[in-house]
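K.L.:
Starting off with a structure, shown below.
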Amino acid sequence: MNYFNAEFIKSAAGESDFIKDGLPQIVFAGRSNVGKSSVINKIVNRRNFARVSSVPGKTAHINYFLIDKKAYFTDLPGYGYAKVAASEKMRWASLMESYFAAKELITLGILIVDSRHKPTSDDATMANWFKETGRPFIIIANKSDKLKKSEIEPNLSLIKNSLGIGGEIKLLLFSAESGSGRAELLAEIDKYVPN
């Protein structure tokens with residue numbers, strides 16, 4: 001798949017806006033400051049591609065990007081941002097519940113966590129949502145360029161234990177800064193997208 005052939009399609013504010021055209025959907029989730037946009041930008045090799053709008057409130061939408069006319073990168077709104085109003089959090093929760101209820105839309109889930117820190121309770125909730133769909137999902141430990149070699153194994157163990165994942169769920173080290181882990185991530189995505 002040509003990951004450089006990528007275009008923004010639409011933002012979905014509710015269930016009626018979800019794309020249901022049968023193409024595979026690779027679903028990205030992560031905390032507000034975990035570098036989710038940077039990971040997507042690194043995959044498609046474009047600096048500001050995933051930053052669709054700087055308008056506040058856009059974060060409460062699901063953004064769809066069409067990759068090589070073969071699959072969507074479905075970018076879920078970031079979570080865990082403390083300064084968001086309660087009404088906005090409710091809207092986010094409602095949108096997520098609708099999306100995860102339509103589990104047939106998820107081809108592959110990608111949960112992005114910070115490799116330097118213990119996953120938050122919100123990360124654990126998101127991991128459980130992915131698990132409950134029964135759809136395949138993987139975890140990306142981003143910002144790995146900021147880890148010392150001696151920290152890698154203990155931090156990966158902490159992530160696995162905190163999220164309650166075993167060997168059946170892949171955990172990949174990734175750096176949106178350096179691009180390390182990109183080839184491994186693309187190999188995983190390619191398994192779920194027909195040539």
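To be explicit about the labels: the chains of the structure tokens are called A, B, and onward in the order shown, and within each one the residues are counted from 1, while ligands get numbers from 1 in the order they are shown.
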Select from segment 69-172 of chain A every residue with an atom at most 12 Å from any atom of segment 177-189 of chain A, then for each give the shortest pair of atoms and their distance in Å to one decimal, using only C-alpha atoms, rows by chain and rising number, as a Markdown table.

P.N.:
```
| residue | atom | partner | partner_atom | distance |
| --- | --- | --- | --- | --- |
| A:Lys70 | CA | A:Ile189 | CA | 11.8 |
| A:Ala71 | CA | A:Ile189 | CA | 9.9 |
| A:Tyr72 | CA | A:Ile189 | CA | 11.0 |
| A:Phe73 | CA | A:Ile189 | CA | 10.2 |
| A:Thr107 | CA | A:Ile189 | CA | 9.5 |
| A:Leu108 | CA | A:Ile189 | CA | 7.5 |
| A:Gly109 | CA | A:Ile189 | CA | 9.7 |
| A:Ile110 | CA | A:Ile189 | CA | 9.4 |
| A:Leu111 | CA | A:Leu185 | CA | 11.9 |
| A:Ile112 | CA | A:Leu185 | CA | 11.7 |
| A:Pro136 | CA | A:Glu188 | CA | 10.5 |
| A:Phe137 | CA | A:Glu188 | CA | 9.8 |
| A:Ile138 | CA | A:Glu188 | CA | 8.6 |
| A:Ile139 | CA | A:Leu185 | CA | 9.9 |
| A:Ile140 | CA | A:Leu185 | CA | 8.3 |
| A:Ala141 | CA | A:Gly181 | CA | 9.5 |
| A:Asn142 | CA | A:Gly181 | CA | 9.2 |
| A:Lys143 | CA | A:Glu177 | CA | 7.3 |
| A:Ser144 | CA | A:Ser180 | CA | 8.4 |
| A:Asp145 | CA | A:Ser178 | CA | 7.1 |
| A:Lys146 | CA | A:Glu177 | CA | 9.6 |
| A:Ile169 | CA | A:Glu188 | CA | 11.5 |
| A:Lys170 | CA | A:Glu188 | CA | 9.2 |
| A:Leu171 | CA | A:Leu185 | CA | 10.0 |
| A:Leu172 | CA | A:Gly181 | CA | 6.9 |
```

K.L.:
Can I get the selected residues back with C-alpha atoms, as a PDB file, in the first residue's frame?

P.N.:
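Full text of result_20.pdb as output:
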```
ATOM      1  CA  LYS A  70      -7.653   1.080  -0.064  1.00  0.00           C
ATOM      2  CA  ALA A  71      -8.188   1.754   3.650  1.00  0.00           C
ATOM      3  CA  TYR A  72      -9.034   4.452   6.158  1.00  0.00           C
ATOM      4  CA  PHE A  73      -6.942   5.702   9.007  1.00  0.00           C
ATOM      5  CA  THR A 107     -10.426  -3.729  11.090  1.00  0.00           C
ATOM      6  CA  LEU A 108      -7.413  -3.107  13.333  1.00  0.00           C
ATOM      7  CA  GLY A 109      -7.153  -1.017  16.491  1.00  0.00           C
ATOM      8  CA  ILE A 110      -3.959   0.859  17.323  1.00  0.00           C
ATOM      9  CA  LEU A 111      -3.671   2.186  20.865  1.00  0.00           C
ATOM     10  CA  ILE A 112      -0.832   4.680  21.314  1.00  0.00           C
ATOM     11  CA  PRO A 136      -7.423  -7.345  16.414  1.00  0.00           C
ATOM     12  CA  PHE A 137      -5.487  -4.533  18.035  1.00  0.00           C
ATOM     13  CA  ILE A 138      -1.918  -3.584  18.766  1.00  0.00           C
ATOM     14  CA  ILE A 139      -0.260  -1.149  21.145  1.00  0.00           C
ATOM     15  CA  ILE A 140       2.310   1.400  20.082  1.00  0.00           C
ATOM     16  CA  ALA A 141       4.726   2.659  22.759  1.00  0.00           C
ATOM     17  CA  ASN A 142       5.551   6.090  21.301  1.00  0.00           C
ATOM     18  CA  LYS A 143       8.411   8.474  22.253  1.00  0.00           C
ATOM     19  CA  SER A 144      10.815   5.542  22.542  1.00  0.00           C
ATOM     20  CA  ASP A 145      13.680   7.784  21.384  1.00  0.00           C
ATOM     21  CA  LYS A 146      13.519   9.380  24.854  1.00  0.00           C
ATOM     22  CA  ILE A 169      -1.490  -8.509  21.599  1.00  0.00           C
ATOM     23  CA  LYS A 170       1.579  -6.999  19.947  1.00  0.00           C
ATOM     24  CA  LEU A 171       3.393  -4.140  21.660  1.00  0.00           C
ATOM     25  CA  LEU A 172       5.673  -2.160  19.344  1.00  0.00           C
TER      26      LEU A 172
END
```

K.L.:
List every residue of segment 116-195 of chain A that DSSP, applied to the backbone of this structure, places in strand (DSSP E), and write the result as a PyMOL selection string.

P.N.:
chain A and resi 137-142+171-173

K.L.:
May I ask which of the residues A:Ser150, A:Gly166, A:Ala127, A:Glu104 is the closest one to Gly22 of chain A, counting only C-alpha atoms?

P.N.:
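Between A:Ser150, A:Gly166, A:Ala127, A:Glu104, the residue approaching Gly22 of chain A most closely is A:Glu104.
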
K.L.:
His117 of chain A: which residues within 12 Å, counting only C-alpha atoms, same-chain residues fewer than 3 positions away excluded, as a list in words?

P.N.:
Val34, Val113, Asp114, Thr120, Asp123, Ala141, Asn142, Lys143, Ser144, Lys146, Leu147, Glu151, Ile152, Pro154, Asn155, Leu156, Ser157, Leu158, Ile159, Lys160 and Ser162 of chain A

K.L.:
Suppose you want the space between atom CA of Lys36 of chain A and atom CA of Arg91 of chain A; what is it in Å?

P.N.:
20.3 Å

K.L.:
I'd like the interatomic distance between atom CA of Tyr3 of chain A and atom CA of Val44 of chain A, to a tenth of an Å.

P.N.:
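Computing it gives 5.1 Å between the two atoms.
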
K.L.:
Find the residue from A:Ala60, A:Thr74, A:Ile26, A:Ser115 that sits nearest to Met90 of chain A; use only C-alpha atoms when measuring.

P.N.:
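Among A:Ala60, A:Thr74, A:Ile26, A:Ser115, it is A:Ala60 that comes nearest to Met90 of chain A.
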
K.L.:
Work out how far apart atom CA of Gly134 of chain A and atom CA of Tyr99 of chain A are and give it in Å to one decimal.

P.N.:
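Pair atom CA of Gly134 of chain A / atom CA of Tyr99 of chain A returns 14.1 Å.
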
K.L.:
If you count only C-alpha atoms, which residues fall within 9 Å of Tyr79 of chain A, apart from same-chain ones fewer than 6 positions away, as a PDB file with N, CA and C atoms, in the first residue's frame?

P.N.:
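Contents of around37.pdb, as written:
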```
ATOM      1  N   ALA A  29      -6.125   5.394  18.482  1.00  0.00           N
ATOM      2  CA  ALA A  29      -6.613   5.991  19.724  1.00  0.00           C
ATOM      3  C   ALA A  29      -5.429   6.316  20.615  1.00  0.00           C
ATOM      4  N   GLY A  30      -5.599   7.329  21.463  1.00  0.00           N
ATOM      5  CA  GLY A  30      -4.524   7.684  22.389  1.00  0.00           C
ATOM      6  C   GLY A  30      -4.859   8.939  23.168  1.00  0.00           C
ATOM      7  N   ARG A  31      -4.121   9.139  24.232  1.00  0.00           N
ATOM      8  CA  ARG A  31      -4.302  10.314  25.066  1.00  0.00           C
ATOM      9  C   ARG A  31      -3.981  11.584  24.273  1.00  0.00           C
ATOM     10  N   SER A  32      -4.539  12.708  24.714  1.00  0.00           N
ATOM     11  CA  SER A  32      -4.390  13.977  23.993  1.00  0.00           C
ATOM     12  C   SER A  32      -2.934  14.360  23.695  1.00  0.00           C
ATOM     13  N   ASN A  33      -2.023  14.064  24.598  1.00  0.00           N
ATOM     14  CA  ASN A  33      -0.644  14.543  24.405  1.00  0.00           C
ATOM     15  C   ASN A  33       0.338  13.409  24.093  1.00  0.00           C
ATOM     16  N   THR A  59     -11.449  18.293  18.360  1.00  0.00           N
ATOM     17  CA  THR A  59     -10.956  17.102  19.048  1.00  0.00           C
ATOM     18  C   THR A  59     -12.090  16.143  19.403  1.00  0.00           C
ATOM     19  N   LYS A  89     -16.653  16.304  27.626  1.00  0.00           N
ATOM     20  CA  LYS A  89     -16.289  14.923  27.977  1.00  0.00           C
ATOM     21  C   LYS A  89     -17.470  13.977  27.738  1.00  0.00           C
ATOM     22  N   TRP A  92     -17.780  13.399  24.069  1.00  0.00           N
ATOM     23  CA  TRP A  92     -16.718  12.478  23.645  1.00  0.00           C
ATOM     24  C   TRP A  92     -17.106  11.040  24.000  1.00  0.00           C
ATOM     25  N   ASP A 122      -7.304   5.950  31.820  1.00  0.00           N
ATOM     26  CA  ASP A 122      -7.985   6.166  30.525  1.00  0.00           C
ATOM     27  C   ASP A 122      -7.407   5.245  29.447  1.00  0.00           C
ATOM     28  N   ASP A 123      -6.075   5.066  29.471  1.00  0.00           N
ATOM     29  CA  ASP A 123      -5.446   4.133  28.517  1.00  0.00           C
ATOM     30  C   ASP A 123      -5.987   2.720  28.731  1.00  0.00           C
TER      31      ASP A 123
END
```

K.L.:
For the structure I just gave you, how does DSSP split chain A - specifically, which residues are helix (DSSP H, G or I)? Reply as a PyMOL selection string.

P.N.:
chain A and resi 15-17+36-44+58-60+86-101+103-105+121-133+144-146+149-163+182-190

K.L.:
Please identify all polymer residues within 7 Å of Ile106 of chain A, counting only C-alpha atoms, omitting same-chain residues fewer than 5 positions from it, and present them as a list in words.

P.N.:
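Within the cut-off, the hits are Gln25, Ile26, Val27 and Arg135 of chain A.
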
K.L.:
Could you write those residues out with all heavy atoms, as an mmCIF file, in the first residue's frame?

P.N.:
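Full text of result25.cif as output:
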```cif
data_model
loop_
_atom_site.group_PDB
_atom_site.id
_atom_site.type_symbol
_atom_site.label_atom_id
_atom_site.label_comp_id
_atom_site.auth_asym_id
_atom_site.auth_seq_id
_atom_site.Cartn_x
_atom_site.Cartn_y
_atom_site.Cartn_z
ATOM 1 N N GLN A 25 -10.772 -0.282 8.120
ATOM 2 C CA GLN A 25 -10.523 0.906 8.927
ATOM 3 C C GLN A 25 -9.479 0.578 9.997
ATOM 4 O O GLN A 25 -9.678 -0.311 10.821
ATOM 5 C CB GLN A 25 -11.814 1.411 9.579
ATOM 6 C CG GLN A 25 -12.802 1.938 8.553
ATOM 7 C CD GLN A 25 -13.948 2.713 9.165
ATOM 8 O OE1 GLN A 25 -13.814 3.326 10.228
ATOM 9 N NE2 GLN A 25 -15.087 2.707 8.491
ATOM 10 N N ILE A 26 -8.361 1.301 9.919
ATOM 11 C CA ILE A 26 -7.290 1.179 10.902
ATOM 12 C C ILE A 26 -7.527 2.310 11.906
ATOM 13 O O ILE A 26 -7.446 3.483 11.542
ATOM 14 C CB ILE A 26 -5.899 1.327 10.230
ATOM 15 C CG1 ILE A 26 -5.789 0.455 8.973
ATOM 16 C CG2 ILE A 26 -4.794 1.037 11.235
ATOM 17 C CD1 ILE A 26 -6.034 -1.017 9.161
ATOM 18 N N VAL A 27 -7.848 1.944 13.135
ATOM 19 C CA VAL A 27 -8.367 2.909 14.106
ATOM 20 C C VAL A 27 -7.285 3.300 15.116
ATOM 21 O O VAL A 27 -6.737 2.441 15.813
ATOM 22 C CB VAL A 27 -9.581 2.301 14.843
ATOM 23 C CG1 VAL A 27 -10.151 3.295 15.842
ATOM 24 C CG2 VAL A 27 -10.649 1.877 13.837
ATOM 25 N N ARG A 135 -11.974 -7.483 17.996
ATOM 26 C CA ARG A 135 -11.220 -7.195 16.767
ATOM 27 C C ARG A 135 -9.727 -7.150 17.115
ATOM 28 O O ARG A 135 -9.346 -6.885 18.249
ATOM 29 C CB ARG A 135 -11.645 -5.842 16.176
ATOM 30 C CG ARG A 135 -13.148 -5.683 16.003
ATOM 31 C CD ARG A 135 -13.738 -6.670 15.029
ATOM 32 N NE ARG A 135 -13.292 -6.386 13.678
ATOM 33 C CZ ARG A 135 -13.364 -7.260 12.675
ATOM 34 N NH1 ARG A 135 -13.837 -8.473 12.891
ATOM 35 N NH2 ARG A 135 -12.959 -6.929 11.477
#
```

K.L.:
Quick one: residues within 7 Å of Thr133 of chain A, only C-alpha atoms, excluding same-chain residues fewer than 3 positions away - as a PyMOL selection string?

P.N.:
chain A and resi 103+129-130

K.L.:
Please list as a PyMOL selection string every residue within 12 Å of Phe65 of chain A, counting only C-alpha atoms and excluding residues in the same chain fewer than 3 positions away.

P.N.:
chain A and resi 3-12+19+23-28+37+40-41+44+49-52+62+68-76

K.L.:
Create the file for the chosen residues now, containing C-alpha atoms and written as a PDB file, in the first residue's frame.

P.N.:
```
ATOM      1  CA  TYR A   3       1.071   5.266   2.480  1.00  0.00           C
ATOM      2  CA  PHE A   4       2.148   8.562   0.910  1.00  0.00           C
ATOM      3  CA  ASN A   5      -1.090   8.623  -1.114  1.00  0.00           C
ATOM      4  CA  ALA A   6      -3.214   9.950   1.733  1.00  0.00           C
ATOM      5  CA  GLU A   7      -6.109  12.399   1.868  1.00  0.00           C
ATOM      6  CA  PHE A   8      -8.403  13.786   4.542  1.00  0.00           C
ATOM      7  CA  ILE A   9     -12.008  12.743   3.851  1.00  0.00           C
ATOM      8  CA  LYS A  10     -14.246  13.989   6.655  1.00  0.00           C
ATOM      9  CA  SER A  11     -14.840  14.530  10.363  1.00  0.00           C
ATOM     10  CA  ALA A  12     -17.632  12.565  12.051  1.00  0.00           C
ATOM     11  CA  ILE A  19     -18.092   5.849   7.050  1.00  0.00           C
ATOM     12  CA  LEU A  23     -13.096  -0.488   3.200  1.00  0.00           C
ATOM     13  CA  PRO A  24     -10.809  -1.574   6.060  1.00  0.00           C
ATOM     14  CA  GLN A  25     -10.523   0.906   8.927  1.00  0.00           C
ATOM     15  CA  ILE A  26      -7.290   1.179  10.902  1.00  0.00           C
ATOM     16  CA  VAL A  27      -8.367   2.909  14.106  1.00  0.00           C
ATOM     17  CA  PHE A  28      -5.949   5.113  16.080  1.00  0.00           C
ATOM     18  CA  SER A  37      -1.077  12.976  15.113  1.00  0.00           C
ATOM     19  CA  ILE A  40       0.026   9.247  11.691  1.00  0.00           C
ATOM     20  CA  ASN A  41       2.151  11.994  10.109  1.00  0.00           C
ATOM     21  CA  VAL A  44       2.315   8.980   5.711  1.00  0.00           C
ATOM     22  CA  PHE A  49      -1.127  15.995   7.654  1.00  0.00           C
ATOM     23  CA  ALA A  50      -3.165  14.796  10.663  1.00  0.00           C
ATOM     24  CA  ARG A  51      -3.681  18.282  12.046  1.00  0.00           C
ATOM     25  CA  VAL A  52      -6.917  18.933  10.229  1.00  0.00           C
ATOM     26  CA  ILE A  62     -13.507  11.265  14.471  1.00  0.00           C
ATOM     27  CA  ASP A  68      -4.098   4.778  -1.233  1.00  0.00           C
ATOM     28  CA  LYS A  69      -7.877   4.468  -1.847  1.00  0.00           C
ATOM     29  CA  LYS A  70      -7.653   1.080  -0.064  1.00  0.00           C
ATOM     30  CA  ALA A  71      -8.188   1.754   3.650  1.00  0.00           C
ATOM     31  CA  TYR A  72      -9.034   4.452   6.158  1.00  0.00           C
ATOM     32  CA  PHE A  73      -6.942   5.702   9.007  1.00  0.00           C
ATOM     33  CA  THR A  74      -9.712   6.465  11.487  1.00  0.00           C
ATOM     34  CA  ASP A  75      -8.369   8.949  14.024  1.00  0.00           C
ATOM     35  CA  LEU A  76     -10.372   8.918  17.256  1.00  0.00           C
TER      36      LEU A  76
END
```

K.L.:
Which residue gives the smallest distance to Ser94 of chain A among A:Arg116, A:Lys131, A:His61, A:Arg47, with only C-alpha atoms counted?

P.N.:
A:His61
